[in-house]
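A.B. asks: Here you go, one structure.
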Amino acid sequence: MAPESTGKVLSREEVDRALARLGAEHEAIESSLLALQDHAGCRLLEGAELSGVTRERWERAERLVPLLWSHFDVLTRALHNARQLRARSRYPGEDELRRLTALLDGAHLELTGEPEGGPAESVGWPELLARMNAGYASVLDVVVAADAVWSALPARIDLLSAELRRLSALAHSVGVRPGEHPAGDELREVTDELTTLRAEVIADPLAFWIPDGGSSAPGGGRPDTARYDRAARALDDIRREVDAVIGVRKDAEERLIRLRDVLARADRTLAEARTARGEVLAKIAASEVPAVSGPPSLLHEELATAADYRRRAQWHRLSPLLERLEVRAEEELERARDSLSAVTVPLAVRAQLRGLLDACRARAARGGKAEEPLLVERYDAARRLLWTAPCDLRAAEHAVLRYQEAAAEVLMTRSDS
């Protein structure tokens, strides 16, 4: 940048250095303006149907471009005049140096009014360069940001849309359609979202730009891909759902066979529980025996519905139904097993009492006291209760306990003697 005006006349060496510096700055400005003019983002903005924040900012930036070229022309003329004046003499005199100082160091660059009709003014090289740098950065910020968004998002949206079309065709082939399956409705929603998103990105790219608050460089920031990312995640979820439906088509028959087997086992277990309950009621007296439910008719009906879906290739309906049936069938089998265990508890208690009575008698026999009158009497009483139907478990338990106590007492007396 040229030195600030101090009222001092520049020497020949200072003039030559200032001309060289300003020539380099002039060349750099020209290169920057030409690059801006040829920038792909700038050409796209000039021909686009813009809206929103992009339209507002580009209208302001577009007015700055001819102003930058106008200022550049002022610089060009001033530099040309200074070079011509300097070229007149190898060793310029006092008057020529004063005129060169005014051209290079003074506020003698005449600017016409701004596009809005501002007054004409005279500025120096440093101030004009600062204005041009600020205006250039403002325009470049719009151009670079818009170009970055257009370079990043539309192509990605197009790729995702192509993938969406392939997935839609596959989903349609297995019955995942709007109105018939939730994933079909989601496919339509994602399709509409991508169509809308692409149109908004093309018309208003700066609405999808996140500036970098810590950077002052033009175009500092990144494209906002949040909506695109949500659509991509939704598509992944739909793909998994469609894959699950396709998986159902591949192994539906095997899963149906397994379901029939589980329900058959549950039916057999419930039938066994009902038989055992009848046996308990006949053989055990004064015992609370829980009721046993009938076979799971609703599950059998849904299983028949699932088989019908398979025959008619309605995979999108079969998939969730099979998942529910598999869980409920396992629950039904577990419930049947619990019922069998619950109704056979009295029989298990009777078996334990029988085993305990026989164990006590065997211990008494090893001690040579099994034929003691008291033990024989109590053993016979307990045995009649345990082997008589219906068996009174409470009385039988009390009788076994009395025999156990008597046997322990007899054996203790023998040991002491």
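FYI, nothing fancy with the structure tokens labels: chains A, B, ... in order, residues from 1 per chain, ligands from 1 as they appear.
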What are the closest atom pairs, with distances in Å to one decimal, for all residues of stretch 77-189 of chain A lying within 9 Å of stretch 59-66 of chain A? Consider only C-alpha atoms, order rows by chain and residue number, and present the result as a Markdown table.
C.D. replies:
```
| residue | atom | partner | partner_atom | distance |
| --- | --- | --- | --- | --- |
| A:Pro115 | CA | A:Arg63 | CA | 7.3 |
| A:Gly135 | CA | A:Leu64 | CA | 6.5 |
| A:Tyr136 | CA | A:Val65 | CA | 7.9 |
| A:Ser138 | CA | A:Ala61 | CA | 6.9 |
| A:Val139 | CA | A:Ala61 | CA | 4.9 |
| A:Leu140 | CA | A:Ala61 | CA | 8.6 |
| A:Val142 | CA | A:Ala61 | CA | 7.5 |
| A:Val143 | CA | A:Ala61 | CA | 8.9 |
```
A.B. asks: I need the residues from that last selection saved to file as a short mmCIF file (atom, residue, chain, number, x, y, z; two decimals), in the first residue's frame (with N, CA and C atoms), if you can.
C.D. replies:
```cif
data_model
loop_
_atom_site.label_atom_id
_atom_site.label_comp_id
_atom_site.auth_asym_id
_atom_site.auth_seq_id
_atom_site.Cartn_x
_atom_site.Cartn_y
_atom_site.Cartn_z
N PRO A 115 -23.52 3.59 -7.00
CA PRO A 115 -24.69 3.19 -7.78
C PRO A 115 -25.98 3.81 -7.26
N GLY A 135 -15.22 -4.71 -0.71
CA GLY A 135 -16.27 -5.05 -1.68
C GLY A 135 -16.02 -6.39 -2.33
N TYR A 136 -14.76 -6.64 -2.69
CA TYR A 136 -14.40 -7.91 -3.32
C TYR A 136 -14.67 -9.08 -2.36
N SER A 138 -16.82 -9.16 0.06
CA SER A 138 -18.27 -9.31 0.22
C SER A 138 -18.88 -10.12 -0.92
N VAL A 139 -18.46 -9.79 -2.16
CA VAL A 139 -18.97 -10.52 -3.32
C VAL A 139 -18.47 -11.95 -3.30
N LEU A 140 -17.17 -12.12 -3.01
CA LEU A 140 -16.58 -13.46 -3.04
C LEU A 140 -17.21 -14.35 -1.98
N VAL A 142 -20.32 -14.40 -0.99
CA VAL A 142 -21.58 -14.91 -1.53
C VAL A 142 -21.31 -15.98 -2.58
N VAL A 143 -20.36 -15.69 -3.48
CA VAL A 143 -20.09 -16.60 -4.59
C VAL A 143 -19.55 -17.94 -4.09
#
```
A.B. asks: Would you list the contacts of A:Arg227 as a list of chain:residue names, taking every protein, DNA or RNA residue within 9 Å and counting only C-alpha atoms, but skipping same-chain residues closer than 4 positions in sequence?
C.D. replies: A:Glu193, A:Leu194, A:Leu197, A:Ala231, A:Ala232
A.B. asks: Please identify all polymer residues within 12 Å of A:Asp141, counting only C-alpha atoms, omitting same-chain residues fewer than 6 positions from it, and present them as a ChimeraX atom specification.
C.D. replies: /A:36,41-42,54,57-58,61,133-135,147-148,206,209,211-212,215-221
A.B. asks: Of the candidates A:Leu100, A:Leu298, A:Ala203, A:Ala171, which shows the shortest atom-to-atom distance to A:Leu45, using only C-alpha atoms?
C.D. replies: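 The closest residue to A:Leu45 is A:Ala203.
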A.B. asks: Write out as a PDB file with all heavy atoms, in the first residue's frame which residues come within 12 Å of A:Tyr228 when counting only C-alpha atoms, dropping same-chain ones fewer than 2 positions away.
C.D. replies:
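Listed below is the output, selection_31.pdb:
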```
ATOM      1  N   ALA A 152     -21.979 -29.327  -3.156  1.00  0.00           N
ATOM      2  CA  ALA A 152     -22.091 -30.406  -2.181  1.00  0.00           C
ATOM      3  C   ALA A 152     -23.458 -31.071  -2.172  1.00  0.00           C
ATOM      4  O   ALA A 152     -23.564 -32.301  -2.238  1.00  0.00           O
ATOM      5  CB  ALA A 152     -21.774 -29.868  -0.775  1.00  0.00           C
ATOM      6  N   LEU A 153     -24.513 -30.267  -2.092  1.00  0.00           N
ATOM      7  CA  LEU A 153     -25.822 -30.860  -1.803  1.00  0.00           C
ATOM      8  C   LEU A 153     -26.581 -31.435  -2.994  1.00  0.00           C
ATOM      9  O   LEU A 153     -27.065 -32.573  -2.910  1.00  0.00           O
ATOM     10  CB  LEU A 153     -26.691 -29.834  -1.069  1.00  0.00           C
ATOM     11  CG  LEU A 153     -26.469 -29.782   0.446  1.00  0.00           C
ATOM     12  CD1 LEU A 153     -27.263 -28.651   1.066  1.00  0.00           C
ATOM     13  CD2 LEU A 153     -26.853 -31.099   1.085  1.00  0.00           C
ATOM     14  N   PRO A 154     -26.774 -30.706  -4.113  1.00  0.00           N
ATOM     15  CA  PRO A 154     -27.613 -31.276  -5.184  1.00  0.00           C
ATOM     16  C   PRO A 154     -27.123 -32.639  -5.681  1.00  0.00           C
ATOM     17  O   PRO A 154     -27.935 -33.539  -5.906  1.00  0.00           O
ATOM     18  CB  PRO A 154     -27.539 -30.211  -6.283  1.00  0.00           C
ATOM     19  CG  PRO A 154     -27.270 -28.937  -5.560  1.00  0.00           C
ATOM     20  CD  PRO A 154     -26.377 -29.329  -4.428  1.00  0.00           C
ATOM     21  N   ALA A 155     -25.813 -32.801  -5.846  1.00  0.00           N
ATOM     22  CA  ALA A 155     -25.299 -34.085  -6.319  1.00  0.00           C
ATOM     23  C   ALA A 155     -25.587 -35.196  -5.311  1.00  0.00           C
ATOM     24  O   ALA A 155     -25.982 -36.307  -5.679  1.00  0.00           O
ATOM     25  CB  ALA A 155     -23.796 -33.984  -6.571  1.00  0.00           C
ATOM     26  N   ARG A 156     -25.424 -34.892  -4.031  1.00  0.00           N
ATOM     27  CA  ARG A 156     -25.708 -35.899  -3.002  1.00  0.00           C
ATOM     28  C   ARG A 156     -27.200 -36.210  -2.952  1.00  0.00           C
ATOM     29  O   ARG A 156     -27.602 -37.368  -2.765  1.00  0.00           O
ATOM     30  CB  ARG A 156     -25.208 -35.397  -1.641  1.00  0.00           C
ATOM     31  CG  ARG A 156     -23.705 -35.226  -1.575  1.00  0.00           C
ATOM     32  CD  ARG A 156     -23.268 -34.535  -0.310  1.00  0.00           C
ATOM     33  NE  ARG A 156     -23.455 -35.380   0.859  1.00  0.00           N
ATOM     34  CZ  ARG A 156     -23.159 -34.986   2.106  1.00  0.00           C
ATOM     35  NH1 ARG A 156     -22.657 -33.765   2.315  1.00  0.00           N
ATOM     36  NH2 ARG A 156     -23.353 -35.778   3.124  1.00  0.00           N
ATOM     37  N   ILE A 157     -28.019 -35.174  -3.119  1.00  0.00           N
ATOM     38  CA  ILE A 157     -29.469 -35.402  -3.132  1.00  0.00           C
ATOM     39  C   ILE A 157     -29.855 -36.261  -4.327  1.00  0.00           C
ATOM     40  O   ILE A 157     -30.696 -37.166  -4.218  1.00  0.00           O
ATOM     41  CB  ILE A 157     -30.218 -34.046  -3.165  1.00  0.00           C
ATOM     42  CG1 ILE A 157     -29.990 -33.291  -1.854  1.00  0.00           C
ATOM     43  CG2 ILE A 157     -31.704 -34.253  -3.404  1.00  0.00           C
ATOM     44  CD1 ILE A 157     -30.515 -31.866  -1.866  1.00  0.00           C
ATOM     45  N   ASP A 158     -29.230 -36.013  -5.481  1.00  0.00           N
ATOM     46  CA  ASP A 158     -29.540 -36.803  -6.680  1.00  0.00           C
ATOM     47  C   ASP A 158     -29.158 -38.273  -6.484  1.00  0.00           C
ATOM     48  O   ASP A 158     -29.898 -39.176  -6.885  1.00  0.00           O
ATOM     49  CB  ASP A 158     -28.812 -36.226  -7.892  1.00  0.00           C
ATOM     50  CG  ASP A 158     -29.396 -34.881  -8.329  1.00  0.00           C
ATOM     51  OD1 ASP A 158     -30.529 -34.567  -7.915  1.00  0.00           O
ATOM     52  OD2 ASP A 158     -28.707 -34.145  -9.061  1.00  0.00           O
ATOM     53  N   LEU A 159     -27.992 -38.507  -5.866  1.00  0.00           N
ATOM     54  CA  LEU A 159     -27.579 -39.891  -5.608  1.00  0.00           C
ATOM     55  C   LEU A 159     -28.551 -40.578  -4.649  1.00  0.00           C
ATOM     56  O   LEU A 159     -28.929 -41.745  -4.843  1.00  0.00           O
ATOM     57  CB  LEU A 159     -26.164 -39.914  -5.027  1.00  0.00           C
ATOM     58  CG  LEU A 159     -25.031 -39.573  -5.999  1.00  0.00           C
ATOM     59  CD1 LEU A 159     -23.700 -39.488  -5.257  1.00  0.00           C
ATOM     60  CD2 LEU A 159     -24.941 -40.622  -7.106  1.00  0.00           C
ATOM     61  N   LEU A 160     -28.941 -39.832  -3.600  1.00  0.00           N
ATOM     62  CA  LEU A 160     -29.879 -40.408  -2.648  1.00  0.00           C
ATOM     63  C   LEU A 160     -31.244 -40.649  -3.297  1.00  0.00           C
ATOM     64  O   LEU A 160     -31.908 -41.654  -3.008  1.00  0.00           O
ATOM     65  CB  LEU A 160     -30.024 -39.485  -1.435  1.00  0.00           C
ATOM     66  CG  LEU A 160     -30.712 -40.089  -0.201  1.00  0.00           C
ATOM     67  CD1 LEU A 160     -29.912 -41.274   0.328  1.00  0.00           C
ATOM     68  CD2 LEU A 160     -30.868 -39.038   0.896  1.00  0.00           C
ATOM     69  N   SER A 161     -31.646 -39.758  -4.188  1.00  0.00           N
ATOM     70  CA  SER A 161     -32.921 -39.926  -4.884  1.00  0.00           C
ATOM     71  C   SER A 161     -32.887 -41.148  -5.796  1.00  0.00           C
ATOM     72  O   SER A 161     -33.880 -41.876  -5.906  1.00  0.00           O
ATOM     73  CB  SER A 161     -33.247 -38.672  -5.696  1.00  0.00           C
ATOM     74  OG  SER A 161     -33.421 -37.550  -4.857  1.00  0.00           O
ATOM     75  N   VAL A 190     -40.133 -39.341   2.355  1.00  0.00           N
ATOM     76  CA  VAL A 190     -38.731 -39.047   2.041  1.00  0.00           C
ATOM     77  C   VAL A 190     -38.602 -38.561   0.592  1.00  0.00           C
ATOM     78  O   VAL A 190     -37.820 -37.643   0.302  1.00  0.00           O
ATOM     79  CB  VAL A 190     -37.846 -40.291   2.279  1.00  0.00           C
ATOM     80  CG1 VAL A 190     -36.421 -40.036   1.817  1.00  0.00           C
ATOM     81  CG2 VAL A 190     -37.851 -40.673   3.753  1.00  0.00           C
ATOM     82  N   THR A 191     -39.373 -39.154  -0.313  1.00  0.00           N
ATOM     83  CA  THR A 191     -39.347 -38.716  -1.709  1.00  0.00           C
ATOM     84  C   THR A 191     -39.767 -37.256  -1.818  1.00  0.00           C
ATOM     85  O   THR A 191     -39.108 -36.448  -2.495  1.00  0.00           O
ATOM     86  CB  THR A 191     -40.286 -39.599  -2.557  1.00  0.00           C
ATOM     87  OG1 THR A 191     -39.850 -40.963  -2.477  1.00  0.00           O
ATOM     88  CG2 THR A 191     -40.266 -39.150  -4.008  1.00  0.00           C
ATOM     89  N   GLU A 193     -39.696 -35.008   0.545  1.00  0.00           N
ATOM     90  CA  GLU A 193     -38.712 -34.170   1.227  1.00  0.00           C
ATOM     91  C   GLU A 193     -37.497 -33.904   0.345  1.00  0.00           C
ATOM     92  O   GLU A 193     -37.010 -32.764   0.260  1.00  0.00           O
ATOM     93  CB  GLU A 193     -38.280 -34.831   2.539  1.00  0.00           C
ATOM     94  CG  GLU A 193     -37.031 -34.246   3.201  1.00  0.00           C
ATOM     95  CD  GLU A 193     -37.202 -32.804   3.657  1.00  0.00           C
ATOM     96  OE1 GLU A 193     -38.317 -32.247   3.549  1.00  0.00           O
ATOM     97  OE2 GLU A 193     -36.188 -32.223   4.114  1.00  0.00           O
ATOM     98  N   LEU A 194     -36.992 -34.927  -0.335  1.00  0.00           N
ATOM     99  CA  LEU A 194     -35.824 -34.735  -1.198  1.00  0.00           C
ATOM    100  C   LEU A 194     -36.160 -33.832  -2.381  1.00  0.00           C
ATOM    101  O   LEU A 194     -35.333 -33.006  -2.787  1.00  0.00           O
ATOM    102  CB  LEU A 194     -35.311 -36.086  -1.696  1.00  0.00           C
ATOM    103  CG  LEU A 194     -34.611 -36.964  -0.657  1.00  0.00           C
ATOM    104  CD1 LEU A 194     -34.153 -38.273  -1.283  1.00  0.00           C
ATOM    105  CD2 LEU A 194     -33.424 -36.242  -0.031  1.00  0.00           C
ATOM    106  N   THR A 195     -37.358 -33.977  -2.935  1.00  0.00           N
ATOM    107  CA  THR A 195     -37.761 -33.101  -4.043  1.00  0.00           C
ATOM    108  C   THR A 195     -37.812 -31.654  -3.588  1.00  0.00           C
ATOM    109  O   THR A 195     -37.300 -30.744  -4.258  1.00  0.00           O
ATOM    110  CB  THR A 195     -39.140 -33.537  -4.582  1.00  0.00           C
ATOM    111  OG1 THR A 195     -39.066 -34.901  -5.023  1.00  0.00           O
ATOM    112  CG2 THR A 195     -39.560 -32.657  -5.746  1.00  0.00           C
ATOM    113  N   THR A 196     -38.428 -31.430  -2.425  1.00  0.00           N
ATOM    114  CA  THR A 196     -38.517 -30.071  -1.880  1.00  0.00           C
ATOM    115  C   THR A 196     -37.141 -29.532  -1.523  1.00  0.00           C
ATOM    116  O   THR A 196     -36.817 -28.368  -1.821  1.00  0.00           O
ATOM    117  CB  THR A 196     -39.416 -30.074  -0.626  1.00  0.00           C
ATOM    118  OG1 THR A 196     -40.706 -30.568  -0.977  1.00  0.00           O
ATOM    119  CG2 THR A 196     -39.554 -28.676  -0.061  1.00  0.00           C
ATOM    120  N   LEU A 197     -36.330 -30.362  -0.894  1.00  0.00           N
ATOM    121  CA  LEU A 197     -35.000 -29.922  -0.470  1.00  0.00           C
ATOM    122  C   LEU A 197     -34.153 -29.517  -1.659  1.00  0.00           C
ATOM    123  O   LEU A 197     -33.473 -28.477  -1.621  1.00  0.00           O
ATOM    124  CB  LEU A 197     -34.317 -31.054   0.305  1.00  0.00           C
ATOM    125  CG  LEU A 197     -32.887 -30.788   0.787  1.00  0.00           C
ATOM    126  CD1 LEU A 197     -32.850 -29.605   1.731  1.00  0.00           C
ATOM    127  CD2 LEU A 197     -32.310 -32.037   1.469  1.00  0.00           C
ATOM    128  N   ARG A 198     -34.183 -30.283  -2.733  1.00  0.00           N
ATOM    129  CA  ARG A 198     -33.369 -29.954  -3.908  1.00  0.00           C
ATOM    130  C   ARG A 198     -33.789 -28.617  -4.498  1.00  0.00           C
ATOM    131  O   ARG A 198     -32.953 -27.785  -4.867  1.00  0.00           O
ATOM    132  CB  ARG A 198     -33.473 -31.058  -4.961  1.00  0.00           C
ATOM    133  CG  ARG A 198     -32.429 -30.915  -6.062  1.00  0.00           C
ATOM    134  CD  ARG A 198     -32.572 -31.992  -7.121  1.00  0.00           C
ATOM    135  NE  ARG A 198     -31.394 -32.054  -7.970  1.00  0.00           N
ATOM    136  CZ  ARG A 198     -31.106 -31.173  -8.932  1.00  0.00           C
ATOM    137  NH1 ARG A 198     -31.946 -30.163  -9.155  1.00  0.00           N
ATOM    138  NH2 ARG A 198     -30.002 -31.289  -9.646  1.00  0.00           N
ATOM    139  N   GLU A 200     -35.216 -26.123  -2.964  1.00  0.00           N
ATOM    140  CA  GLU A 200     -34.827 -25.040  -2.056  1.00  0.00           C
ATOM    141  C   GLU A 200     -33.329 -24.778  -2.122  1.00  0.00           C
ATOM    142  O   GLU A 200     -32.890 -23.614  -2.069  1.00  0.00           O
ATOM    143  CB  GLU A 200     -35.249 -25.382  -0.627  1.00  0.00           C
ATOM    144  CG  GLU A 200     -36.765 -25.395  -0.430  1.00  0.00           C
ATOM    145  CD  GLU A 200     -37.147 -25.769   0.986  1.00  0.00           C
ATOM    146  OE1 GLU A 200     -36.232 -25.935   1.829  1.00  0.00           O
ATOM    147  OE2 GLU A 200     -38.357 -25.898   1.269  1.00  0.00           O
ATOM    148  N   VAL A 201     -32.537 -25.840  -2.231  1.00  0.00           N
ATOM    149  CA  VAL A 201     -31.080 -25.666  -2.324  1.00  0.00           C
ATOM    150  C   VAL A 201     -30.706 -24.931  -3.604  1.00  0.00           C
ATOM    151  O   VAL A 201     -29.834 -24.039  -3.593  1.00  0.00           O
ATOM    152  CB  VAL A 201     -30.374 -27.038  -2.266  1.00  0.00           C
ATOM    153  CG1 VAL A 201     -28.918 -26.922  -2.674  1.00  0.00           C
ATOM    154  CG2 VAL A 201     -30.474 -27.616  -0.862  1.00  0.00           C
ATOM    155  N   PHE A 208     -28.625 -22.662   3.251  1.00  0.00           N
ATOM    156  CA  PHE A 208     -28.039 -23.930   3.678  1.00  0.00           C
ATOM    157  C   PHE A 208     -26.540 -23.780   3.910  1.00  0.00           C
ATOM    158  O   PHE A 208     -25.766 -24.699   3.661  1.00  0.00           O
ATOM    159  CB  PHE A 208     -28.318 -25.017   2.631  1.00  0.00           C
ATOM    160  CG  PHE A 208     -29.777 -25.307   2.448  1.00  0.00           C
ATOM    161  CD1 PHE A 208     -30.529 -24.567   1.555  1.00  0.00           C
ATOM    162  CD2 PHE A 208     -30.398 -26.298   3.191  1.00  0.00           C
ATOM    163  CE1 PHE A 208     -31.884 -24.818   1.388  1.00  0.00           C
ATOM    164  CE2 PHE A 208     -31.751 -26.548   3.034  1.00  0.00           C
ATOM    165  CZ  PHE A 208     -32.495 -25.809   2.134  1.00  0.00           C
ATOM    166  N   PRO A 223     -21.491 -26.285   4.238  1.00  0.00           N
ATOM    167  CA  PRO A 223     -22.898 -26.501   3.896  1.00  0.00           C
ATOM    168  C   PRO A 223     -23.647 -27.157   5.063  1.00  0.00           C
ATOM    169  O   PRO A 223     -23.103 -27.986   5.786  1.00  0.00           O
ATOM    170  CB  PRO A 223     -22.837 -27.446   2.688  1.00  0.00           C
ATOM    171  CG  PRO A 223     -21.462 -27.275   2.131  1.00  0.00           C
ATOM    172  CD  PRO A 223     -20.578 -26.981   3.305  1.00  0.00           C
ATOM    173  N   ASP A 224     -24.889 -26.753   5.227  1.00  0.00           N
ATOM    174  CA  ASP A 224     -25.759 -27.319   6.252  1.00  0.00           C
ATOM    175  C   ASP A 224     -26.458 -28.550   5.667  1.00  0.00           C
ATOM    176  O   ASP A 224     -27.352 -28.429   4.825  1.00  0.00           O
ATOM    177  CB  ASP A 224     -26.796 -26.285   6.697  1.00  0.00           C
ATOM    178  CG  ASP A 224     -27.707 -26.807   7.798  1.00  0.00           C
ATOM    179  OD1 ASP A 224     -27.518 -27.968   8.222  1.00  0.00           O
ATOM    180  OD2 ASP A 224     -28.614 -26.076   8.222  1.00  0.00           O
ATOM    181  N   THR A 225     -26.056 -29.737   6.107  1.00  0.00           N
ATOM    182  CA  THR A 225     -26.591 -30.985   5.540  1.00  0.00           C
ATOM    183  C   THR A 225     -27.572 -31.680   6.482  1.00  0.00           C
ATOM    184  O   THR A 225     -27.848 -32.864   6.317  1.00  0.00           O
ATOM    185  CB  THR A 225     -25.436 -31.943   5.213  1.00  0.00           C
ATOM    186  OG1 THR A 225     -24.742 -32.271   6.436  1.00  0.00           O
ATOM    187  CG2 THR A 225     -24.454 -31.327   4.236  1.00  0.00           C
ATOM    188  N   ALA A 226     -28.107 -30.955   7.470  1.00  0.00           N
ATOM    189  CA  ALA A 226     -28.949 -31.599   8.483  1.00  0.00           C
ATOM    190  C   ALA A 226     -30.170 -32.276   7.861  1.00  0.00           C
ATOM    191  O   ALA A 226     -30.478 -33.435   8.178  1.00  0.00           O
ATOM    192  CB  ALA A 226     -29.380 -30.567   9.535  1.00  0.00           C
ATOM    193  N   ARG A 230     -30.965 -36.306   7.723  1.00  0.00           N
ATOM    194  CA  ARG A 230     -32.170 -36.934   8.264  1.00  0.00           C
ATOM    195  C   ARG A 230     -32.836 -37.820   7.219  1.00  0.00           C
ATOM    196  O   ARG A 230     -33.299 -38.928   7.526  1.00  0.00           O
ATOM    197  CB  ARG A 230     -33.152 -35.869   8.750  1.00  0.00           C
ATOM    198  CG  ARG A 230     -32.789 -35.251  10.089  1.00  0.00           C
ATOM    199  CD  ARG A 230     -33.958 -34.508  10.682  1.00  0.00           C
ATOM    200  NE  ARG A 230     -34.390 -33.396   9.858  1.00  0.00           N
ATOM    201  CZ  ARG A 230     -33.909 -32.165   9.938  1.00  0.00           C
ATOM    202  NH1 ARG A 230     -32.961 -31.899  10.822  1.00  0.00           N
ATOM    203  NH2 ARG A 230     -34.367 -31.205   9.161  1.00  0.00           N
ATOM    204  N   ALA A 231     -32.890 -37.333   5.979  1.00  0.00           N
ATOM    205  CA  ALA A 231     -33.490 -38.133   4.906  1.00  0.00           C
ATOM    206  C   ALA A 231     -32.678 -39.403   4.666  1.00  0.00           C
ATOM    207  O   ALA A 231     -33.243 -40.483   4.443  1.00  0.00           O
ATOM    208  CB  ALA A 231     -33.581 -37.307   3.630  1.00  0.00           C
ATOM    209  N   ALA A 232     -31.348 -39.290   4.718  1.00  0.00           N
ATOM    210  CA  ALA A 232     -30.500 -40.466   4.508  1.00  0.00           C
ATOM    211  C   ALA A 232     -30.713 -41.492   5.620  1.00  0.00           C
ATOM    212  O   ALA A 232     -30.771 -42.702   5.363  1.00  0.00           O
ATOM    213  CB  ALA A 232     -29.031 -40.046   4.445  1.00  0.00           C
ATOM    214  N   ARG A 233     -30.819 -41.010   6.875  1.00  0.00           N
ATOM    215  CA  ARG A 233     -31.070 -41.943   7.984  1.00  0.00           C
ATOM    216  C   ARG A 233     -32.441 -42.603   7.847  1.00  0.00           C
ATOM    217  O   ARG A 233     -32.595 -43.803   8.108  1.00  0.00           O
ATOM    218  CB  ARG A 233     -30.966 -41.210   9.321  1.00  0.00           C
ATOM    219  CG  ARG A 233     -29.539 -40.834   9.710  1.00  0.00           C
ATOM    220  CD  ARG A 233     -29.467 -40.416  11.165  1.00  0.00           C
ATOM    221  NE  ARG A 233     -30.256 -39.221  11.431  1.00  0.00           N
ATOM    222  CZ  ARG A 233     -29.789 -37.978  11.334  1.00  0.00           C
ATOM    223  NH1 ARG A 233     -28.531 -37.775  10.973  1.00  0.00           N
ATOM    224  NH2 ARG A 233     -30.562 -36.948  11.606  1.00  0.00           N
ATOM    225  N   ALA A 234     -33.443 -41.814   7.451  1.00  0.00           N
ATOM    226  CA  ALA A 234     -34.775 -42.390   7.255  1.00  0.00           C
ATOM    227  C   ALA A 234     -34.747 -43.459   6.173  1.00  0.00           C
ATOM    228  O   ALA A 234     -35.399 -44.506   6.293  1.00  0.00           O
ATOM    229  CB  ALA A 234     -35.774 -41.288   6.891  1.00  0.00           C
ATOM    230  N   LEU A 235     -33.976 -43.208   5.121  1.00  0.00           N
ATOM    231  CA  LEU A 235     -33.880 -44.189   4.041  1.00  0.00           C
ATOM    232  C   LEU A 235     -33.200 -45.470   4.530  1.00  0.00           C
ATOM    233  O   LEU A 235     -33.598 -46.581   4.135  1.00  0.00           O
ATOM    234  CB  LEU A 235     -33.100 -43.588   2.865  1.00  0.00           C
ATOM    235  CG  LEU A 235     -33.226 -44.320   1.525  1.00  0.00           C
ATOM    236  CD1 LEU A 235     -34.668 -44.346   1.074  1.00  0.00           C
ATOM    237  CD2 LEU A 235     -32.361 -43.656   0.474  1.00  0.00           C
TER     238      LEU A 235
END
```
A.B. asks: Just asking: which residues within stretch 14-124 of chain A are helix (DSSP H, G or I) according to DSSP, as a ChimeraX atom specification?
C.D. replies: /A:14-38,40-47,52-87,94-105
A.B. asks: Which distance in Å separates atom CA of A:Glu180 and atom CA of A:His300, to one decimal?
C.D. replies: 24.3 Å
A.B. asks: Neighbouring residues of A:Phe72 were defined as those with any atom within 8 Å, considering only C-alpha atoms; residues of the same chain fewer than 2 positions away were excluded. Please report them as an MDAnalysis selection string.
C.D. replies: chainID A and resid 26 29:30 68:70 74:76
A.B. asks: If you keep N, CA, C and O atoms, can you produce a file of those selected residues as an mmCIF file, in the first residue's frame?
C.D. replies:
```
data_model
loop_
_atom_site.group_PDB
_atom_site.id
_atom_site.type_symbol
_atom_site.label_atom_id
_atom_site.label_comp_id
_atom_site.auth_asym_id
_atom_site.auth_seq_id
_atom_site.Cartn_x
_atom_site.Cartn_y
_atom_site.Cartn_z
ATOM 1 N N HIS A 26 -1.983 -3.365 -8.458
ATOM 2 C CA HIS A 26 -2.915 -3.230 -9.589
ATOM 3 C C HIS A 26 -3.044 -4.559 -10.330
ATOM 4 O O HIS A 26 -4.156 -4.991 -10.700
ATOM 5 N N ILE A 29 -5.089 -7.010 -8.235
ATOM 6 C CA ILE A 29 -6.521 -6.673 -8.263
ATOM 7 C C ILE A 29 -7.147 -7.128 -9.576
ATOM 8 O O ILE A 29 -8.239 -7.703 -9.605
ATOM 9 N N GLU A 30 -6.452 -6.891 -10.681
ATOM 10 C CA GLU A 30 -6.988 -7.293 -11.981
ATOM 11 C C GLU A 30 -7.166 -8.812 -12.045
ATOM 12 O O GLU A 30 -8.200 -9.312 -12.514
ATOM 13 N N LEU A 68 -16.653 -2.239 -8.593
ATOM 14 C CA LEU A 68 -15.254 -2.664 -8.442
ATOM 15 C C LEU A 68 -14.477 -2.433 -9.738
ATOM 16 O O LEU A 68 -13.336 -1.964 -9.711
ATOM 17 N N TRP A 69 -15.088 -2.760 -10.873
ATOM 18 C CA TRP A 69 -14.420 -2.518 -12.150
ATOM 19 C C TRP A 69 -14.252 -1.024 -12.397
ATOM 20 O O TRP A 69 -13.231 -0.579 -12.960
ATOM 21 N N SER A 70 -15.229 -0.221 -11.989
ATOM 22 C CA SER A 70 -15.111 1.232 -12.146
ATOM 23 C C SER A 70 -13.943 1.766 -11.323
ATOM 24 O O SER A 70 -13.147 2.585 -11.805
ATOM 25 N N VAL A 74 -10.255 3.545 -12.447
ATOM 26 C CA VAL A 74 -9.656 4.749 -11.863
ATOM 27 C C VAL A 74 -8.206 4.470 -11.487
ATOM 28 O O VAL A 74 -7.305 5.292 -11.765
ATOM 29 N N LEU A 75 -7.958 3.308 -10.870
ATOM 30 C CA LEU A 75 -6.597 2.943 -10.525
ATOM 31 C C LEU A 75 -5.724 2.807 -11.761
ATOM 32 O O LEU A 75 -4.555 3.227 -11.780
ATOM 33 N N THR A 76 -6.294 2.204 -12.803
ATOM 34 C CA THR A 76 -5.532 1.984 -14.035
ATOM 35 C C THR A 76 -5.094 3.325 -14.641
ATOM 36 O O THR A 76 -3.935 3.497 -15.053
#
```
